[in-house]
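Novice: Sharing coords_6.cif, mmCIF, C-alpha atoms:
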data_input
loop_
_atom_site.label_atom_id
_atom_site.label_comp_id
_atom_site.auth_asym_id
_atom_site.auth_seq_id
_atom_site.Cartn_x
_atom_site.Cartn_y
_atom_site.Cartn_z
CA MET A 177 38.71 86.34 -20.81
CA ARG A 178 39.07 89.59 -22.71
CA THR A 179 40.25 92.66 -20.78
CA ASP A 180 40.86 95.09 -23.65
CA SER A 181 37.80 97.23 -22.79
CA THR A 182 37.72 96.73 -19.00
CA LYS A 183 36.73 99.78 -16.95
CA TYR A 184 39.00 100.35 -13.92
CA THR A 185 37.69 102.17 -10.84
CA SER A 186 38.40 102.63 -7.14
CA PHE A 187 34.69 102.75 -6.27
CA THR A 188 32.53 99.65 -6.31
CA GLY A 189 30.93 98.21 -9.41
CA TRP A 190 27.80 97.18 -7.51
CA VAL A 191 26.03 100.55 -7.33
CA ASP A 192 26.38 104.17 -8.39
CA PRO A 193 27.45 106.85 -5.88
CA PRO A 194 24.57 108.44 -3.93
CA ASP A 195 23.10 111.71 -5.15
CA ASP A 196 22.48 113.04 -1.63
CA VAL A 197 26.00 113.20 -0.19
CA ARG A 198 25.90 115.08 3.10
CA PRO A 199 27.94 118.28 3.49
CA ALA A 200 31.28 118.33 5.26
CA LEU A 201 31.78 119.53 8.82
CA ASP A 202 32.13 123.32 8.85
CA GLY A 203 33.00 124.61 12.29
CA ASP A 204 33.68 123.10 15.71
CA LEU A 205 31.33 120.93 17.71
CA THR A 206 31.24 118.72 20.79
CA CYS A 207 29.51 115.39 21.34
CA ASP A 208 29.43 112.42 23.67
CA ILE A 209 30.74 109.87 21.15
CA ALA A 210 32.37 110.38 17.74
CA VAL A 211 32.66 107.57 15.21
CA ILE A 212 35.34 107.85 12.53
CA GLY A 213 34.60 105.92 9.35
CA GLY A 214 31.36 105.43 7.45
CA GLY A 215 31.84 101.84 6.35
CA MET A 216 29.69 98.96 7.57
CA GLY A 217 31.46 99.04 10.94
CA GLY A 218 31.16 102.77 11.50
CA MET A 219 27.55 102.89 10.33
CA ALA A 220 26.60 99.94 12.55
CA ALA A 221 28.27 101.55 15.56
CA ALA A 222 26.65 104.95 14.96
CA LEU A 223 23.25 103.36 14.35
CA ARG A 224 23.43 101.36 17.57
CA LEU A 225 24.65 104.34 19.60
CA ALA A 226 21.77 106.43 18.25
CA GLU A 227 19.33 103.64 19.11
CA ARG A 228 20.62 103.81 22.67
CA ASP A 229 20.04 107.57 22.90
CA GLN A 230 23.67 108.62 22.68
CA ASP A 231 24.78 111.99 21.27
CA VAL A 232 26.80 110.58 18.38
CA VAL A 233 28.64 112.16 15.44
CA LEU A 234 29.78 110.15 12.41
CA LEU A 235 32.64 111.45 10.25
CA GLU A 236 33.37 109.93 6.82
CA ALA A 237 36.08 111.01 4.37
CA GLU A 238 34.00 110.30 1.24
CA PHE A 239 30.41 109.15 1.75
CA CYS A 240 29.04 106.35 3.88
CA GLY A 241 29.53 103.01 2.13
CA TYR A 242 32.27 104.30 -0.16
CA GLY A 243 35.03 101.82 0.66
CA SER A 244 35.18 98.09 1.30
CA ALA A 245 31.62 98.23 2.69
CA SER A 246 30.28 98.18 -0.88
CA ARG A 247 33.14 96.96 -3.06
CA ASN A 248 33.49 93.42 -1.67
CA GLY A 249 32.14 90.19 -3.14
CA GLY A 250 28.82 90.33 -1.31
CA GLN A 251 29.25 87.18 0.77
CA ILE A 252 27.44 86.64 4.06
CA ALA A 253 29.63 84.05 5.77
CA GLY A 254 28.51 81.94 8.70
CA ALA A 255 31.88 80.45 9.59
CA PRO A 256 35.28 81.89 10.58
CA GLY A 257 37.71 82.89 7.88
CA GLY A 258 41.33 81.82 7.63
CA ASP A 259 42.97 78.42 7.91
CA LEU A 260 41.05 76.62 10.64
CA ARG A 261 43.83 74.05 11.01
CA MET A 262 46.35 76.70 11.98
CA LEU A 263 43.84 78.61 14.10
CA SER A 264 42.89 75.46 16.01
CA LEU A 265 46.55 74.89 16.83
CA GLN A 266 47.38 78.49 17.69
CA SER A 267 44.13 79.53 19.42
CA PRO A 268 42.15 76.42 20.44
CA LYS A 269 40.39 78.18 23.31
CA LYS A 270 39.18 80.92 20.96
CA MET A 271 37.79 78.58 18.30
CA PRO A 272 34.35 78.00 19.91
CA ILE A 273 33.99 81.76 20.35
CA MET A 274 35.01 82.36 16.73
CA ALA A 275 32.46 79.84 15.48
CA LYS A 276 29.71 81.39 17.58
CA LEU A 277 30.69 84.93 16.55
CA ALA A 278 30.61 84.04 12.85
CA GLU A 279 27.14 82.51 13.07
CA HIS A 280 25.72 85.36 15.16
CA ALA A 281 27.26 87.87 12.73
CA GLY A 282 25.46 86.25 9.83
CA HIS A 283 22.13 86.38 11.66
CA TYR A 284 22.83 89.99 12.69
CA VAL A 285 23.10 91.19 9.09
CA GLU A 286 20.03 89.19 8.08
CA ASN A 287 18.11 90.93 10.88
CA LEU A 288 19.57 94.29 9.86
CA MET A 289 18.06 93.83 6.39
CA LYS A 290 14.66 92.93 7.85
CA THR A 291 14.60 95.68 10.48
CA HIS A 292 15.41 98.46 8.02
CA ASP A 293 13.63 96.96 5.00
CA ILE A 294 16.80 96.78 2.89
CA ASP A 295 16.36 95.17 -0.52
CA CYS A 296 19.84 94.01 -1.50
CA ASP A 297 19.10 90.91 -3.61
CA TYR A 298 19.87 88.63 -0.68
CA VAL A 299 19.65 84.89 -1.33
CA ALA A 300 20.26 82.66 1.70
CA ASN A 301 21.96 79.88 -0.26
CA GLY A 302 25.09 79.58 1.86
CA LEU A 303 28.73 80.12 1.01
CA VAL A 304 30.65 77.08 -0.23
CA TRP A 305 34.24 76.19 0.52
CA GLY A 306 34.96 74.76 -2.91
CA ALA A 307 37.48 72.07 -3.87
CA VAL A 308 38.85 71.80 -7.40
CA SER A 309 40.76 68.54 -6.84
CA PRO A 310 40.57 65.40 -4.68
CA VAL A 311 43.51 66.63 -2.61
CA MET A 312 41.73 69.93 -1.97
CA MET A 313 38.61 68.00 -1.05
CA LEU A 314 40.59 66.33 1.72
CA ARG A 315 41.48 69.77 3.01
CA VAL A 316 37.80 70.77 2.92
CA ARG A 317 36.82 67.69 4.93
CA THR A 318 39.53 68.42 7.49
CA GLN A 319 38.45 72.05 7.83
CA ALA A 320 34.81 70.99 8.14
CA ALA A 321 35.65 68.46 10.87
CA ILE A 322 37.52 71.14 12.83
CA LEU A 323 34.59 73.54 12.44
CA ARG A 324 32.13 70.94 13.73
CA ALA A 325 34.41 70.01 16.63
CA PHE A 326 34.26 73.61 17.85
CA GLY A 327 30.50 74.02 17.47
CA GLY A 328 30.24 75.31 13.90
CA HIS A 329 27.95 73.95 11.21
CA GLY A 330 28.28 73.05 7.55
CA THR A 331 27.31 70.42 4.99
CA VAL A 332 30.01 68.52 3.10
CA GLY A 333 29.01 67.14 -0.27
CA SER A 334 29.94 66.40 -3.86
CA ARG A 335 29.61 68.87 -6.71
CA GLU A 336 26.22 67.40 -7.64
CA GLU A 337 24.95 67.40 -4.05
CA LEU A 338 25.90 71.04 -3.52
CA GLY A 339 24.85 72.24 -6.99
CA LEU A 340 28.31 73.50 -7.95
CA PRO A 341 29.52 74.12 -11.51
CA ALA A 342 31.65 71.67 -13.44
CA GLY A 343 35.32 72.00 -12.51
CA PHE A 344 34.65 71.63 -8.79
CA VAL A 345 34.89 68.25 -7.05
CA GLY A 346 32.75 69.22 -4.07
CA GLY A 347 32.97 71.30 -0.94
CA MET A 348 31.27 72.41 2.27
CA ARG A 349 28.28 74.73 2.37
CA GLU A 350 28.02 76.95 5.44
CA SER A 351 24.68 76.64 7.22
CA ILE A 352 24.17 80.41 7.54
CA GLY A 353 24.49 83.20 5.02
CA GLY A 354 24.43 83.60 1.27
CA MET A 355 24.91 86.17 -1.47
CA LEU A 356 23.76 89.78 -1.79
CA ASN A 357 24.57 93.08 -3.48
CA PRO A 358 26.89 94.76 -0.95
CA GLY A 359 26.42 98.18 -2.52
CA LYS A 360 22.66 98.00 -1.99
CA LEU A 361 23.20 96.75 1.56
CA ALA A 362 25.57 99.62 2.40
CA ARG A 363 23.17 102.09 0.79
CA GLY A 364 20.31 100.75 2.91
CA VAL A 365 22.30 100.96 6.14
CA ARG A 366 23.38 104.49 5.17
CA ARG A 367 19.73 105.42 4.73
CA ALA A 368 18.99 104.07 8.23
CA VAL A 369 21.84 106.04 9.77
CA LEU A 370 20.76 109.27 8.04
CA ALA A 371 17.24 108.73 9.39
CA SER A 372 18.54 108.25 12.95
CA SER A 373 19.53 110.89 15.49
CA ALA A 374 23.22 110.54 14.58
CA LYS A 375 24.84 113.66 13.13
CA VAL A 376 26.52 112.59 9.90
CA PHE A 377 29.23 114.57 8.13
CA GLU A 378 30.45 113.13 4.85
CA GLN A 379 33.35 114.52 2.77
CA THR A 380 35.10 115.03 6.13
CA ARG A 381 38.52 113.47 6.39
CA VAL A 382 40.00 113.22 9.89
CA SER A 383 43.68 114.13 9.76
CA ASP A 384 44.54 113.65 13.42
CA VAL A 385 43.17 112.12 16.62
CA ARG A 386 44.61 113.39 19.91
CA ARG A 387 43.67 113.46 23.56
CA ALA A 388 43.11 116.87 25.16
CA GLY A 389 42.61 116.35 28.86
CA SER A 390 39.55 114.19 29.41
CA THR A 391 38.29 114.56 25.83
CA VAL A 392 39.53 113.51 22.40
CA GLU A 393 40.03 116.04 19.60
CA LEU A 394 39.47 115.10 15.97
CA THR A 395 41.02 117.44 13.43
CA THR A 396 39.31 117.93 10.07
CA PRO A 397 39.96 120.46 7.27
CA HIS A 398 37.22 122.85 8.39
CA GLY A 399 36.56 122.14 12.03
CA THR A 400 37.40 120.25 15.21
CA VAL A 401 35.22 117.68 16.96
CA ARG A 402 35.67 117.26 20.70
CA ALA A 403 34.22 114.05 22.05
CA ASP A 404 34.15 112.27 25.38
CA LYS A 405 34.73 108.97 23.57
CA VAL A 406 35.82 108.01 20.06
CA VAL A 407 35.32 104.88 17.98
CA LEU A 408 37.91 104.19 15.28
CA ALA A 409 36.02 102.28 12.58
CA THR A 410 38.37 102.94 9.70
CA SER A 411 39.58 99.40 8.97
CA VAL A 412 43.21 99.70 7.95
CA TYR A 413 43.17 103.49 7.44
CA GLY A 414 43.51 104.11 11.17
CA GLY A 415 47.20 103.31 10.77
CA GLU A 416 47.72 106.93 9.74
CA TRP A 417 47.30 108.16 13.32
CA ASP A 418 49.71 107.86 16.23
CA ILE A 419 46.90 106.92 18.59
CA THR A 420 46.07 103.70 16.72
CA PRO A 421 47.81 100.57 18.11
CA LYS A 422 50.78 99.61 15.96
CA ASN A 423 50.64 96.47 13.83
CA LEU A 424 46.90 96.20 14.37
CA ALA A 425 46.44 95.04 10.78
CA THR A 426 48.33 94.52 7.55
CA PRO A 427 47.03 96.65 4.65
CA LEU A 428 46.20 94.60 1.55
CA TYR A 429 44.98 95.94 -1.77
CA VAL A 430 42.36 93.56 -3.15
CA ILE A 431 40.55 93.50 -6.48
CA GLU A 432 37.14 92.38 -7.72
CA ILE A 433 36.38 91.79 -11.38
CA GLU A 434 33.01 91.38 -13.06
CA SER A 435 32.20 89.84 -16.42
CA GLU A 436 29.89 91.34 -18.98
CA PRO A 437 26.28 90.03 -18.84
CA ILE A 438 26.14 86.41 -19.96
CA ALA A 439 23.23 84.83 -21.82
CA PRO A 440 21.06 82.76 -19.41
CA GLU A 441 21.37 79.64 -21.56
CA ARG A 442 25.17 79.82 -21.34
CA LEU A 443 25.03 80.19 -17.56
CA ALA A 444 22.64 77.23 -17.41
CA GLU A 445 25.27 75.11 -19.15
CA LEU A 446 27.57 75.58 -16.15
CA ASP A 447 25.17 73.49 -14.05
CA TRP A 448 25.61 75.94 -11.15
CA THR A 449 22.17 75.06 -9.87
CA SER A 450 22.57 76.31 -6.28
CA ARG A 451 23.99 79.68 -7.38
CA SER A 452 25.93 79.57 -4.09
CA GLY A 453 29.03 81.70 -3.88
CA ILE A 454 32.27 79.70 -3.81
CA ILE A 455 35.59 80.35 -2.10
CA THR A 456 38.48 78.06 -2.97
CA GLN A 457 40.84 76.42 -0.52
CA HIS A 458 43.94 77.66 -2.34
CA GLN A 459 46.62 79.39 -0.29
CA LEU A 460 45.62 82.56 -2.12
CA MET A 461 41.84 82.35 -1.83
CA THR A 462 39.71 83.12 -4.86
CA HIS A 463 35.96 83.52 -4.79
CA TYR A 464 33.38 83.21 -7.55
CA ARG A 465 29.72 84.14 -7.58
CA LEU A 466 26.79 84.70 -9.90
CA THR A 467 24.85 87.96 -9.71
CA GLU A 468 21.25 88.99 -10.28
CA ARG A 469 22.36 90.70 -13.50
CA ASN A 470 23.69 87.43 -14.98
CA THR A 471 27.35 88.24 -14.54
CA ILE A 472 30.14 86.47 -12.66
CA VAL A 473 32.13 88.32 -10.01
CA CYS A 474 35.56 87.01 -9.04
CA GLY A 475 37.81 88.39 -6.37
CA VAL A 476 41.09 88.66 -4.50
CA ARG A 477 43.52 86.01 -5.86
CA GLN A 478 46.57 88.33 -5.77
CA PRO A 479 46.38 90.71 -2.77
CA GLN A 480 49.10 93.35 -2.78
CA ARG A 481 50.58 94.59 0.48
CA GLY A 482 50.74 98.26 1.38
CA GLN A 483 54.11 99.42 2.64
CA THR A 484 53.67 102.96 3.97
CA TYR A 485 51.02 105.38 5.25
CA PRO A 486 49.09 107.20 4.01
CA LEU A 487 47.87 104.41 1.75
CA PRO A 488 47.83 105.60 -1.87
CA ASP A 489 44.69 106.03 -3.92
CA ARG A 490 44.87 103.67 -6.88
CA VAL A 491 42.93 101.58 -9.36
CA PRO A 492 43.46 97.87 -10.11
CA ASP A 493 46.66 96.82 -11.84
CA PRO A 494 45.77 95.72 -15.42
CA SER A 495 48.30 92.88 -15.26
CA VAL A 496 46.62 91.47 -12.14
CA VAL A 497 43.20 91.83 -13.78
CA ARG A 498 44.45 89.92 -16.83
CA ASP A 499 45.70 87.13 -14.56
CA MET A 500 42.33 87.04 -12.79
CA GLY A 501 40.63 86.86 -16.18
CA LYS A 502 42.80 83.89 -17.15
CA ASP A 503 41.92 82.14 -13.90
CA LEU A 504 38.23 82.76 -14.53
CA ALA A 505 38.56 81.32 -18.05
CA ASN A 506 40.36 78.25 -16.68
CA ARG A 507 37.63 77.72 -14.11
CA PHE A 508 34.85 78.18 -16.67
CA PRO A 509 36.31 77.22 -20.08
CA SER A 510 33.02 77.57 -21.93
CA LEU A 511 33.03 81.28 -21.05
CA SER A 512 36.61 82.03 -22.12
CA ASP A 513 35.37 84.40 -24.85
CA VAL A 514 33.45 86.57 -22.35
CA ALA A 515 34.84 90.03 -21.57
CA ILE A 516 35.73 91.44 -18.15
CA GLU A 517 33.52 94.52 -18.08
CA ARG A 518 34.83 96.21 -14.95
CA ALA A 519 37.43 95.92 -12.20
CA TRP A 520 37.47 97.75 -8.88
CA GLY A 521 39.70 97.58 -5.83
CA GLY A 522 40.75 99.06 -2.53
CA TRP A 523 42.47 98.55 0.80
CA ILE A 524 41.37 96.18 3.57
CA GLY A 525 43.03 95.20 6.84
CA ILE A 526 44.06 91.67 7.79
CA SER A 527 44.84 90.99 11.44
CA PRO A 528 47.93 88.85 12.20
CA ASP A 529 45.89 85.83 13.37
CA TRP A 530 42.81 86.37 11.15
CA LEU A 531 40.67 86.98 14.23
CA ALA A 532 38.22 89.87 14.60
CA ILE A 533 39.65 92.58 16.86
CA ALA A 534 38.01 95.05 19.22
CA GLY A 535 39.78 96.97 21.94
CA GLN A 536 40.48 100.31 23.52
CA VAL A 537 43.32 102.73 24.12
CA GLY A 538 43.00 104.25 27.54
CA ASP A 539 39.45 104.84 28.75
CA ASN A 540 38.02 106.85 25.84
CA VAL A 541 39.35 105.57 22.47
CA PHE A 542 37.86 102.34 21.10
CA TYR A 543 38.54 100.46 17.90
CA SER A 544 37.39 97.44 15.93
CA MET A 545 38.94 95.66 12.96
CA ALA A 546 37.08 92.58 11.79
CA CYS A 547 37.41 92.22 8.02
CA ASN A 548 40.03 89.53 7.38
CA GLY A 549 38.45 88.61 4.06
CA HIS A 550 35.20 87.41 5.72
CA GLY A 551 34.19 90.71 7.15
CA LEU A 552 30.98 91.78 5.44
CA CYS A 553 28.91 90.57 8.40
CA GLN A 554 31.55 90.35 11.11
CA VAL A 555 32.56 94.01 10.72
CA PRO A 556 29.14 95.52 11.56
CA TYR A 557 28.37 92.86 14.16
CA VAL A 558 31.56 93.49 16.14
CA ALA A 559 31.02 97.26 15.85
CA HIS A 560 27.45 96.85 17.11
CA GLN A 561 28.72 94.88 20.11
CA LEU A 562 31.42 97.48 20.74
CA ALA A 563 28.78 100.22 20.77
CA ASP A 564 26.81 98.30 23.41
CA TYR A 565 29.96 97.84 25.47
CA ILE A 566 30.73 101.57 25.39
CA VAL A 567 27.22 102.52 26.48
CA ASP A 568 27.09 99.87 29.18
CA VAL A 569 30.41 100.98 30.68
CA ARG A 570 29.22 104.58 30.51
CA CYS A 571 25.97 103.65 32.30
CA ARG A 572 27.81 101.76 35.03
CA SER A 573 30.26 104.62 35.57
CA THR A 574 27.46 107.18 35.78
CA SER A 575 25.45 105.01 38.17
CA GLN A 576 28.40 104.34 40.43
CA ALA A 577 29.31 108.03 40.53
CA SER A 578 25.76 109.01 41.48
CA GLY A 579 25.07 106.03 43.72
CA ARG A 580 22.21 104.87 41.45
CA THR A 581 21.56 101.31 40.30
CA PRO A 582 22.32 100.75 36.59
CA ARG A 583 19.23 100.82 34.36
CA SER A 584 17.64 97.46 33.60
CA THR A 585 17.94 98.16 29.86
CA ARG A 586 21.70 97.77 30.04
CA ARG A 587 22.91 94.97 27.73
CA ARG A 588 26.02 92.87 27.94
CA CYS A 589 28.22 92.22 24.95
CA ARG A 590 27.61 88.72 23.64
CA CYS A 591 29.00 86.70 20.77
#
Write out the structure in this file as structure tokens.

Specialist:
Amino acid sequence: MRTDSTKYTSFTGWVDPPDDVRPALDGDLTCDIAVIGGGMGGMAAALRLAERDQDVVLLEAEFCGYGSASRNGGQIAGAPGGDLRMLSLQSPKKMPIMAKLAEHAGHYVENLMKTHDIDCDYVANGLVWGAVSPVMMLRVRTQAAILRAFGGHGTVGSREELGLPAGFVGGMRESIGGMLNPGKLARGVRRAVLASSAKVFEQTRVSDVRRAGSTVELTTPHGTVRADKVVLATSVYGGEWDITPKNLATPLYVIEIESEPIAPERLAELDWTSRSGIITQHQLMTHYRLTERNTIVCGVRQPQRGQTYPLPDRVPDPSVVRDMGKDLANRFPSLSDVAIERAWGGWIGISPDWLAIAGQVGDNVFYSMACNGHGLCQVPYVAHQLADYIVDVRCRSTSQASGRTPRSTRRRCRC
């Protein structure tokens, strides 16, 4: 595919930046809970904390939804990511929990769209683990059997049965999830957060996070936030601070490319009747999907590892984009003359075992890191659960200190 006129950006190609960016923090303030990071995780945490009547402040370096929240492939996955064969050998006791978490995360985002009336072009047509050869189909069947053994769900079928384009042998469709415009989703969640009681400061980069007695101090260019508790929802960017656990995640720079609009009759020739998004079972996963604007989005393929902090601002490497264009042409030969209209990219975090992570440092700093390439729904779901955990612990501590019984509205974290 042609890349001579491709537009390269660091921001997503799904939507334009908002025209109502909130002003930066100017001055000092105190709060009960501060959330750092305005991605899907940070917004979900702040929204949940506000729903539970907490005094919460959200700090975002750019604007909410700027990063991987809106620049991903727009896949709602209902099954765990990673190599299930290796995960079943390394963490067999965690596999049922992972399967349950993935399914609940998919339902959580679907409910988020309904609750806040977010129109993001969602189509619940599942995500397909696609095979491009008989050997890869064997791998798909093995992965599907492992998923079912641990309580997950999916339908294995041929290309014709799953409505996949020519060039694929078959695959497994996840029972939950589908495709959407992640930029519109992030914009809708941002709108919900701005309408909540949370205090939101965009254009506010946190340069340091340190404990000061019983509180935590967050340093920004024009003010300091002092909070009783802090949630680090910065994906891989939290590696810049000493307080973040070391080796929490590996930074990877990933790229998405999008074709120019394609004539409907040419897309029809692909016989992609389900319009389901597809992820391959290659060692270096590649995903393909159709969009509502009659384009094809393709992603990842050649992730590039970050070596040092702070992670550099950058745009996609043209040589990698050309390689991705060649792969797209090989997968869809009839579209080899189509141009790659845009390419965007950014940093994500991958945990060592591909499992979603949530934890705490001491008694007042909490963190979550749940991307791992399947994080569009797992990231906000884990952050939502973490918010409940923080409030519930706070309620129990307050009740025990005062001798009162915890309120009946207290909720337990569940997968």

Novice: Could you state which residues are captured by the PyMOL selection byres ((chain A and resi 494) around 12) in this file, as a ChimeraX atom specification?

Specialist: /A:178-185,431,433,490-493,495-501,516,518-521

Novice: The PyMOL selection byres ((chain A and resi 223) around 8) on the file shown: which residues, as a PyMOL selection string?

Specialist: chain A and resi 219-222+224-227+368-369+372+374

Novice: For this file, the PyMOL selection byres ((chain A and resi 445) around 12) selects which residues, as a list in words?

Specialist: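 Taken over the shown coordinates, the PyMOL selection byres ((chain A and resi 445) around 12) returns Leu340, Pro341, Ala342, Ile438, Ala439, Pro440, Glu441, Arg442, Leu443, Ala444, Leu446, Asp447, Trp448, Thr449, Phe508, Pro509, Ser510 and Leu511 of chain A.
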
Novice: Which residue, A:Ala300, A:Ile209, A:Leu466, A:Leu260, has the smallest gap to Val392 in chain A when you use all atoms listed in the file?

Specialist: A:Ile209

Novice: Rank nothing, just name the residue among A:Thr396, A:Asn506, A:Thr471, A:Gln319 nearest to Gly257 in chain A, using all atoms listed in the file.

Specialist: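 Checking each candidate against Gly257 in chain A, we get A:Gln319 as the closest.
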
Novice: What's the separation between CA of Asn301 in chain A and CA of Leu531 in chain A, in Å to one decimal place?

Specialist: 24.7 Å

Novice: With all atoms listed in the file as the basis for distance, which of A:Gly213, A:Gly333, A:Arg386, A:Asp259 is at the shortest distance from Val345 in chain A?

Specialist: A:Gly333
